[in-house]
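What follows is the content of coords.cif, which has mmCIF, C-alpha atoms and all ligand atoms:
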```cif
data_structure
loop_
_atom_site.label_atom_id
_atom_site.label_comp_id
_atom_site.auth_asym_id
_atom_site.auth_seq_id
_atom_site.Cartn_x
_atom_site.Cartn_y
_atom_site.Cartn_z
CA MET A 138 -34.54 -155.56 43.40
CA ASP A 139 -36.31 -158.84 44.17
CA ASP A 140 -38.24 -160.56 41.34
CA LEU A 141 -41.88 -161.67 41.66
CA ILE A 142 -42.41 -165.35 40.86
CA GLN A 143 -45.64 -167.35 40.61
CA THR A 144 -45.40 -170.65 42.51
CA SER A 145 -47.11 -174.01 41.84
CA ASP A 146 -50.27 -173.30 43.86
CA GLY A 147 -50.80 -170.00 42.01
CA SER A 148 -49.59 -167.81 44.89
CA TYR A 149 -46.66 -165.44 44.43
CA THR A 150 -43.29 -165.12 46.11
CA LEU A 151 -40.12 -163.08 45.66
CA PHE A 152 -36.70 -164.18 44.53
CA SER A 153 -33.83 -162.51 46.36
CA GLU A 154 -30.97 -161.66 43.99
CA ARG A 155 -28.75 -160.95 46.97
CA PHE A 156 -29.18 -164.34 48.60
CA ASN A 157 -30.02 -166.24 45.40
CA GLN A 158 -33.03 -167.73 47.17
CA HIS A 159 -36.81 -167.54 47.03
CA PHE A 160 -38.75 -166.12 49.98
CA HIS A 161 -41.03 -169.20 49.94
CA SER A 162 -41.20 -172.60 48.28
CA ILE A 163 -41.67 -172.48 44.52
CA ASN A 164 -43.86 -175.57 45.01
CA GLY A 165 -46.48 -173.31 46.59
CA ALA A 166 -45.79 -170.25 48.72
CA LYS A 167 -49.21 -170.14 50.38
CA THR A 168 -49.30 -173.92 50.81
CA GLU A 169 -45.92 -173.87 52.53
CA SER A 170 -46.79 -171.01 54.83
CA LEU A 171 -50.09 -172.62 55.86
CA HIS A 172 -48.45 -175.99 56.42
CA ILE A 173 -45.60 -174.81 58.63
CA TYR A 174 -46.59 -171.62 60.38
CA ILE A 175 -50.38 -171.85 60.57
CA ASN A 176 -51.02 -175.57 60.96
CA LEU A 177 -48.00 -176.51 63.08
CA GLY A 178 -47.72 -173.18 64.90
CA LEU A 179 -50.77 -170.97 65.22
CA LYS A 180 -53.36 -173.75 65.45
CA ASN A 181 -52.01 -174.90 68.82
CA PHE A 182 -53.71 -171.89 70.36
CA LYS A 183 -57.43 -171.13 70.65
CA ASN A 184 -59.28 -168.45 72.61
CA SER A 185 -55.93 -167.33 74.08
CA LYS A 186 -53.96 -164.13 74.44
CA ILE A 187 -50.76 -164.84 72.50
CA SER A 188 -47.61 -163.12 71.23
CA ILE A 189 -45.99 -164.19 67.99
CA LEU A 190 -42.44 -163.29 66.92
CA GLU A 191 -41.52 -163.68 63.26
CA ILE A 192 -37.88 -163.54 62.20
CA GLY A 193 -37.84 -162.56 58.52
CA TYR A 194 -41.21 -160.77 58.12
CA GLY A 195 -40.58 -160.36 54.37
CA THR A 196 -43.75 -160.00 52.32
CA GLY A 197 -46.02 -160.39 55.35
CA LEU A 198 -47.49 -163.63 54.00
CA ASN A 199 -47.14 -165.50 57.31
CA ALA A 200 -48.56 -162.53 59.19
CA ILE A 201 -51.55 -162.09 56.89
CA LEU A 202 -52.37 -165.81 56.87
CA THR A 203 -52.14 -165.73 60.67
CA TYR A 204 -54.62 -162.88 60.72
CA LEU A 205 -57.01 -164.58 58.29
CA HIS A 206 -56.89 -167.98 60.03
CA ASN A 207 -57.33 -166.53 63.47
CA THR A 208 -60.98 -165.77 62.71
CA ASP A 209 -61.86 -169.36 63.64
CA LEU A 210 -59.33 -169.61 66.48
CA ASN A 211 -60.36 -166.45 68.24
CA ASN A 212 -56.98 -165.59 69.78
CA LEU A 213 -55.99 -162.10 70.88
CA ILE A 214 -52.71 -161.66 68.98
CA PHE A 215 -49.70 -159.40 69.38
CA TYR A 216 -47.62 -159.98 66.22
CA HIS A 217 -44.00 -158.82 66.19
CA GLY A 218 -42.34 -159.03 62.78
CA ILE A 219 -38.60 -158.47 62.38
CA ASP A 220 -36.91 -157.62 59.07
CA ASN A 221 -34.14 -155.32 57.89
CA ASN A 222 -35.81 -154.69 54.55
CA ILE A 223 -39.17 -153.52 53.20
CA ILE A 224 -40.58 -154.94 49.98
CA PRO A 225 -41.99 -152.58 47.29
CA LYS A 226 -45.72 -151.81 47.43
CA HIS A 227 -46.36 -153.18 43.92
CA SER A 228 -44.92 -156.57 44.98
CA PHE A 229 -47.11 -156.57 48.07
CA ASP A 230 -50.21 -155.77 45.97
CA LYS A 231 -49.52 -158.57 43.50
CA ILE A 232 -48.82 -161.17 46.21
CA PHE A 233 -51.98 -160.40 48.16
CA SER A 234 -54.32 -160.04 45.20
CA PHE A 235 -54.06 -163.82 45.06
CA ILE A 236 -54.57 -164.41 48.80
CA THR A 237 -57.63 -162.31 49.67
CA ASN A 238 -59.89 -159.49 48.55
CA ASN A 239 -60.25 -158.19 52.10
CA ASP A 240 -58.52 -155.01 50.93
CA ASP A 241 -58.79 -152.43 53.70
CA GLU A 242 -57.45 -154.59 56.50
CA ILE A 243 -54.76 -156.17 54.34
CA GLU A 244 -53.52 -152.75 53.18
CA LYS A 245 -52.85 -151.88 56.81
CA PHE A 246 -50.20 -154.60 56.95
CA TYR A 247 -48.18 -152.54 54.47
CA LEU A 248 -49.19 -148.94 54.94
CA SER A 249 -48.68 -148.93 58.70
CA GLY A 250 -44.92 -148.93 58.04
CA THR A 251 -43.29 -149.61 61.37
CA GLN A 252 -46.03 -148.01 63.48
CA ASP A 253 -48.00 -150.29 65.76
CA VAL A 254 -51.39 -150.83 64.22
CA TYR A 255 -54.55 -152.67 65.23
CA ILE A 256 -55.45 -154.57 62.07
CA SER A 257 -58.61 -155.51 64.00
CA ASP A 258 -59.62 -155.55 67.67
CA ASP A 259 -57.88 -158.87 68.15
CA PHE A 260 -54.72 -158.37 66.08
CA LEU A 261 -52.00 -155.83 66.95
CA LEU A 262 -49.15 -155.65 64.42
CA HIS A 263 -45.72 -154.41 65.45
CA LYS A 264 -43.22 -154.43 62.57
CA GLU A 265 -39.63 -153.64 63.46
CA LEU A 266 -37.06 -152.66 60.85
CA ILE A 267 -33.87 -153.99 62.40
CA ASP A 268 -30.99 -156.35 61.71
CA PHE A 269 -31.84 -159.54 63.59
CA ASN A 270 -28.21 -159.78 64.73
CA LYS A 271 -28.80 -156.58 66.71
CA PHE A 272 -32.29 -157.43 67.97
CA ILE A 273 -32.61 -157.89 71.73
CA PRO A 274 -35.97 -159.34 72.85
CA THR A 275 -37.70 -157.37 75.57
CA LYS A 276 -40.94 -159.36 75.54
CA ASN A 277 -41.98 -163.00 75.84
CA TYR A 278 -43.58 -164.96 73.03
CA ASP A 279 -45.85 -167.99 72.66
CA ILE A 280 -44.89 -168.75 69.07
CA ILE A 281 -41.74 -168.03 67.06
CA TYR A 282 -41.97 -168.27 63.27
CA PHE A 283 -38.35 -168.61 62.17
CA ASP A 284 -38.32 -167.81 58.46
CA ALA A 285 -34.83 -166.54 57.63
CA PHE A 286 -33.05 -167.48 54.42
CA SER A 287 -31.29 -170.82 54.76
CA PRO A 288 -28.24 -171.43 56.98
CA GLU A 289 -26.14 -172.01 53.81
CA VAL A 290 -26.61 -168.44 52.61
CA GLN A 291 -27.12 -166.69 55.97
CA PRO A 292 -25.41 -168.69 58.73
CA ASP A 293 -25.35 -165.67 61.06
CA MET A 294 -29.16 -165.68 61.32
CA TRP A 295 -29.07 -169.25 62.65
CA SER A 296 -26.12 -168.82 65.00
CA TYR A 297 -26.15 -170.27 68.49
CA ALA A 298 -26.34 -166.79 70.01
CA ASN A 299 -29.18 -165.63 67.76
CA LEU A 300 -31.32 -168.73 68.27
CA GLY A 301 -30.56 -168.72 72.00
CA LYS A 302 -31.65 -165.13 72.59
CA ILE A 303 -35.10 -165.66 71.09
CA ILE A 304 -35.64 -169.11 72.60
CA ASN A 305 -34.96 -167.57 76.01
CA SER A 306 -37.88 -165.26 75.31
CA LEU A 307 -40.26 -168.16 74.59
CA ASN A 308 -42.92 -168.81 77.25
CA GLN A 309 -43.38 -172.24 78.86
CA GLY A 310 -45.41 -174.31 76.38
CA GLY A 311 -44.29 -171.98 73.62
CA ILE A 312 -43.64 -173.18 70.09
CA PHE A 313 -40.81 -172.58 67.61
CA VAL A 314 -41.56 -173.49 63.98
CA THR A 315 -39.32 -173.43 60.93
CA TYR A 316 -38.76 -175.14 57.59
CA CYS A 317 -35.16 -176.12 58.41
CA VAL A 318 -34.42 -179.54 59.92
CA GLN A 319 -30.63 -179.53 59.81
CA GLY A 320 -28.95 -181.52 62.59
CA LYS A 321 -26.95 -178.55 63.85
CA ILE A 322 -30.07 -176.40 64.19
CA LYS A 323 -31.97 -179.18 65.97
CA GLN A 324 -29.08 -179.64 68.40
CA THR A 325 -28.97 -175.91 69.14
CA LEU A 326 -32.70 -175.90 69.88
CA ARG A 327 -32.26 -178.91 72.22
CA ASP A 328 -29.35 -177.20 73.97
CA PHE A 329 -31.71 -174.34 74.79
CA GLY A 330 -34.22 -176.73 76.32
CA LEU A 331 -36.67 -177.31 73.49
CA ASN A 332 -38.33 -180.61 72.67
CA VAL A 333 -37.64 -180.94 68.93
CA LYS A 334 -39.82 -182.91 66.48
CA ARG A 335 -39.76 -183.35 62.73
CA TYR A 336 -43.04 -183.35 60.75
CA PRO A 337 -43.82 -184.17 57.12
CA GLY A 338 -43.21 -181.12 54.95
CA PRO A 339 -45.28 -179.35 52.29
CA PRO A 340 -44.86 -180.34 48.60
CA GLY A 341 -41.18 -180.51 47.63
CA LYS A 342 -39.90 -180.65 51.22
CA ARG A 343 -39.50 -183.90 53.14
CA HIS A 344 -39.59 -182.54 56.68
CA VAL A 345 -40.19 -179.39 58.70
CA LEU A 346 -39.64 -178.69 62.37
CA ARG A 347 -41.63 -177.81 65.45
CA ALA A 348 -39.95 -177.42 68.82
CA THR A 349 -41.73 -176.87 72.12
CA LYS A 350 -40.57 -175.37 75.39
CA ILE A 351 -41.52 -177.82 78.09
C1 LIG B 1 -37.25 -166.31 53.58
S1 LIG B 1 -37.54 -164.58 53.58
C2 LIG B 1 -38.91 -164.40 54.66
C3 LIG B 1 -40.26 -164.68 54.06
C4 LIG B 1 -41.35 -164.10 54.90
N1 LIG B 1 -41.54 -164.78 56.14
C5 LIG B 1 -42.64 -163.97 54.14
O1 LIG B 1 -43.68 -164.54 54.57
O2 LIG B 1 -42.63 -163.31 53.11
C6 LIG B 1 -36.22 -164.03 54.65
C7 LIG B 1 -36.36 -162.61 55.14
O3 LIG B 1 -35.27 -162.35 56.03
C8 LIG B 1 -34.92 -160.99 55.88
N2 LIG B 1 -33.56 -160.77 56.40
C9 LIG B 1 -32.38 -161.08 55.80
N3 LIG B 1 -31.35 -160.73 56.58
C10 LIG B 1 -31.88 -160.19 57.70
C11 LIG B 1 -31.32 -159.62 58.88
N4 LIG B 1 -29.98 -159.57 59.07
N5 LIG B 1 -32.14 -159.15 59.83
C12 LIG B 1 -33.49 -159.19 59.66
N6 LIG B 1 -34.10 -159.73 58.55
C13 LIG B 1 -33.28 -160.21 57.58
C14 LIG B 1 -35.06 -160.72 54.40
O4 LIG B 1 -35.22 -159.34 54.14
C15 LIG B 1 -36.29 -161.55 54.06
O5 LIG B 1 -37.45 -160.76 54.11
#
```

Can you turn what I pasted into structure tokens?
Amino acid sequence: MDDLIQTSDGSYTLFSERFNQHFHSINGAKTESLHIYINLGLKNFKNSKISILEIGYGTGLNAILTYLHNTDLNNLIFYHGIDNNIIPKHSFDKIFSFITNNDDEIEKFYLSGTQDVYISDDFLLHKELIDFNKFIPTKNYDIIYFDAFSPEVQPDMWSYANLGKIINSLNQGGIFVTYCVQGKIKQTLRDFGLNVKRYPGPPGKRHVLRATKI
């Protein structure tokens, strides 16, 4: 079972025994998620109808912060989260007691299981319990949040074929964001036609990455 850990900004994350890695930065789980996925990803879209694909849905932190921060951005969001594991309810409750007290809507992120659910009129959640290696995209996306464990512990997740298949499903002008800036990953993204840029990272991380389909 994964252990709950409090990170430097007070928010919680999980430690995966299997991969010997935290789900988020121990220097601030919420801070990291906001920095990479919300500020560099979501905030590029306003008053738009958008689809978001997340690889490594995990606790739902990126999804829930997307939902909460979309109030100001006013997008109509289809959110597709991929994971092959479901975290325990008590871990979910602890993690989100720190993030918000908007209980009824936040509960839906967990209790819906893998059924499509409207969290609100402008946010449709579609969680899929599947091994990413077997996932075949059938939709197009405007943003990809790539939040797998690192290439050192899970190289298959970052393989040429796996990155290629989801980048091919990215719309023109679409955005791919991740915490990993390794040369090999950047080159793969370029090979699939993305314009790759490094950005300053959250506390404890020098750089993060945003790539755009031009
Ligand atoms: C770094 S954590 C993701 C953190 C998550 N984005 C969050 O906000 O909590 C990586 C996730 O990848 C998932 N994962 C690992 N191997 C996978 C696979 N083969 N297919 C799909 N998901 C996988 C793990 O279960 C874990 O939830």

Kindly give the distance, in Å, that separates atom CA of A:Ser185 and atom CA of A:Ile214, rounded to a single decimal. 8.3 Å

Within 10 Å of ligand LIG 1 (chain B), which residues of chain A come that close, and what is the closest atom pair and distance in Å for each? Count all atoms listed in the file and give it as a tab-separated table.
```
residue	atom	partner	partner_atom	distance
A:Tyr149	CA	B:LIG1	O2	9.8
A:Thr150	CA	B:LIG1	O2	7.3
A:Leu151	CA	B:LIG1	O2	7.9
A:Phe152	CA	B:LIG1	S1	9.1
A:Ser153	CA	B:LIG1	C15	8.1
A:Arg155	CA	B:LIG1	C9	9.5
A:Phe156	CA	B:LIG1	C9	8.5
A:Gln158	CA	B:LIG1	C1	7.8
A:His159	CA	B:LIG1	C1	6.7
A:Phe160	CA	B:LIG1	C1	3.9
A:His161	CA	B:LIG1	C1	6.0
A:Ser162	CA	B:LIG1	C1	9.1
A:Ala166	CA	B:LIG1	O1	8.4
A:Lys167	CA	B:LIG1	O1	8.9
A:Glu169	CA	B:LIG1	O1	9.8
A:Ser170	CA	B:LIG1	O1	7.2
A:Tyr174	CA	B:LIG1	N1	9.5
A:Glu191	CA	B:LIG1	N1	7.2
A:Ile192	CA	B:LIG1	N6	6.5
A:Gly193	CA	B:LIG1	O3	3.6
A:Tyr194	CA	B:LIG1	N1	4.5
A:Gly195	CA	B:LIG1	O5	3.2
A:Thr196	CA	B:LIG1	O2	3.6
A:Gly197	CA	B:LIG1	O1	4.8
A:Leu198	CA	B:LIG1	O1	4.0
A:Asn199	CA	B:LIG1	O1	4.5
A:Ala200	CA	B:LIG1	O1	7.0
A:Ile201	CA	B:LIG1	O1	8.6
A:Leu202	CA	B:LIG1	O1	9.1
A:Gly218	CA	B:LIG1	N1	8.8
A:Ile219	CA	B:LIG1	C12	5.8
A:Asp220	CA	B:LIG1	N6	3.6
A:Asn221	CA	B:LIG1	C12	4.3
A:Asn222	CA	B:LIG1	O4	4.7
A:Ile223	CA	B:LIG1	O4	7.1
A:Ile224	CA	B:LIG1	O5	7.8
A:Phe229	CA	B:LIG1	O2	9.5
A:Ile232	CA	B:LIG1	O2	9.5
A:Glu265	CA	B:LIG1	C12	9.1
A:Leu266	CA	B:LIG1	C12	7.5
A:Ile267	CA	B:LIG1	C12	5.9
A:Asp268	CA	B:LIG1	N5	3.6
A:Phe269	CA	B:LIG1	N5	3.8
A:Asn270	CA	B:LIG1	N4	5.9
A:Lys271	CA	B:LIG1	N5	8.1
A:Phe272	CA	B:LIG1	N5	8.3
A:Tyr282	CA	B:LIG1	N1	7.9
A:Phe283	CA	B:LIG1	N1	7.8
A:Asp284	CA	B:LIG1	N1	5.0
A:Ala285	CA	B:LIG1	C6	4.1
A:Phe286	CA	B:LIG1	C1	4.4
A:Ser287	CA	B:LIG1	C1	7.6
A:Val290	CA	B:LIG1	C9	9.9
A:Gln291	CA	B:LIG1	N3	7.3
A:Asp293	CA	B:LIG1	N4	7.9
A:Met294	CA	B:LIG1	N4	6.6
A:Tyr316	CA	B:LIG1	C1	9.8
```

Include C-alpha atoms and write out the residues we just selected as a short mmCIF file (atom, residue, chain, number, x, y, z; two decimals), in the coordinates of the input.
```
data_model
loop_
_atom_site.label_atom_id
_atom_site.label_comp_id
_atom_site.auth_asym_id
_atom_site.auth_seq_id
_atom_site.Cartn_x
_atom_site.Cartn_y
_atom_site.Cartn_z
CA TYR A 149 -46.66 -165.44 44.43
CA THR A 150 -43.29 -165.12 46.11
CA LEU A 151 -40.12 -163.08 45.66
CA PHE A 152 -36.70 -164.18 44.53
CA SER A 153 -33.83 -162.51 46.36
CA ARG A 155 -28.75 -160.95 46.97
CA PHE A 156 -29.18 -164.34 48.60
CA GLN A 158 -33.03 -167.73 47.17
CA HIS A 159 -36.81 -167.54 47.03
CA PHE A 160 -38.75 -166.12 49.98
CA HIS A 161 -41.03 -169.20 49.94
CA SER A 162 -41.20 -172.60 48.28
CA ALA A 166 -45.79 -170.25 48.72
CA LYS A 167 -49.21 -170.14 50.38
CA GLU A 169 -45.92 -173.87 52.53
CA SER A 170 -46.79 -171.01 54.83
CA TYR A 174 -46.59 -171.62 60.38
CA GLU A 191 -41.52 -163.68 63.26
CA ILE A 192 -37.88 -163.54 62.20
CA GLY A 193 -37.84 -162.56 58.52
CA TYR A 194 -41.21 -160.77 58.12
CA GLY A 195 -40.58 -160.36 54.37
CA THR A 196 -43.75 -160.00 52.32
CA GLY A 197 -46.02 -160.39 55.35
CA LEU A 198 -47.49 -163.63 54.00
CA ASN A 199 -47.14 -165.50 57.31
CA ALA A 200 -48.56 -162.53 59.19
CA ILE A 201 -51.55 -162.09 56.89
CA LEU A 202 -52.37 -165.81 56.87
CA GLY A 218 -42.34 -159.03 62.78
CA ILE A 219 -38.60 -158.47 62.38
CA ASP A 220 -36.91 -157.62 59.07
CA ASN A 221 -34.14 -155.32 57.89
CA ASN A 222 -35.81 -154.69 54.55
CA ILE A 223 -39.17 -153.52 53.20
CA ILE A 224 -40.58 -154.94 49.98
CA PHE A 229 -47.11 -156.57 48.07
CA ILE A 232 -48.82 -161.17 46.21
CA GLU A 265 -39.63 -153.64 63.46
CA LEU A 266 -37.06 -152.66 60.85
CA ILE A 267 -33.87 -153.99 62.40
CA ASP A 268 -30.99 -156.35 61.71
CA PHE A 269 -31.84 -159.54 63.59
CA ASN A 270 -28.21 -159.78 64.73
CA LYS A 271 -28.80 -156.58 66.71
CA PHE A 272 -32.29 -157.43 67.97
CA TYR A 282 -41.97 -168.27 63.27
CA PHE A 283 -38.35 -168.61 62.17
CA ASP A 284 -38.32 -167.81 58.46
CA ALA A 285 -34.83 -166.54 57.63
CA PHE A 286 -33.05 -167.48 54.42
CA SER A 287 -31.29 -170.82 54.76
CA VAL A 290 -26.61 -168.44 52.61
CA GLN A 291 -27.12 -166.69 55.97
CA ASP A 293 -25.35 -165.67 61.06
CA MET A 294 -29.16 -165.68 61.32
CA TYR A 316 -38.76 -175.14 57.59
#
```

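The coordinates place atom CA of A:Ile312 at 6.6 Å from atom CA of A:Gly178.
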
Rounded to one decimal, what separation in Å do you get between atom CA of A:Ile189 and atom CA of A:Ser257? 15.8 Å

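Each of A:Ser234, A:Gln252, A:Asn157, A:Ile173 was compared to A:Val345 using only C-alpha atoms, and A:Ile173 turns out to be the nearest.
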
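Comparing A:Gly165, A:Asp328, A:Phe260, A:Asp253 by their smallest distance to A:Asn211, the closest is A:Phe260 (using only C-alpha atoms).
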
Nearest-residue call for A:His206, choices A:Leu346, A:Ile163, A:Leu179, A:Ile256, using all atoms listed in the file: A:Leu179

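Close to (-30.6, -174.3, 70.7), meaning no more than 12 Å away when counting all atoms listed in the file, sit the residues Trp295, Ser296, Tyr297, Ala298, Asn299, Leu300, Gly301, Lys302, Ile303, Ile304, Asn305, Phe313, Gly320, Lys321, Ile322, Lys323, Gln324, Thr325, Leu326, Arg327, Asp328, Phe329, Gly330, Leu331, Asn332, Val333, Ala348, Thr349 and Lys350 of chain A.
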
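For the choices A:Asp140, A:Pro274, A:Ser249, A:Ser306, the atom-to-atom distance to A:Leu261 is smallest for A:Ser249 when using all atoms listed in the file.
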
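Those DNA, RNA and protein residues that approach the point (-47.5, -175.0, 73.1) to within 8 Å, considering all atoms listed in the file, are Asn181, Phe182, Asp279, Ile280, Gln309, Gly310, Gly311, Ile312, Thr349 and Lys350 of chain A.
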
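Shortest atom-to-atom contact with A:Lys342 among A:Cys317, A:Lys183, A:Asp258, A:Pro288: A:Cys317, counting all atoms listed in the file.
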
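Proximity of A:Leu210, A:Leu205, A:Leu190, A:Ile142 to A:Asn164, computed with all atoms listed in the file, is greatest for A:Ile142.
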
Quick one: 3 Å padding each side, axis-aligned, all listed atoms of stretch 286-295 of chain A - centre and edge lengths in Å to one decimal, as AutoDock Vina command-line options?
```
--center_x -29.2 --center_y -168.8 --center_z 57.6 --size_x 13.7 --size_y 12.3 --size_z 16.0
```
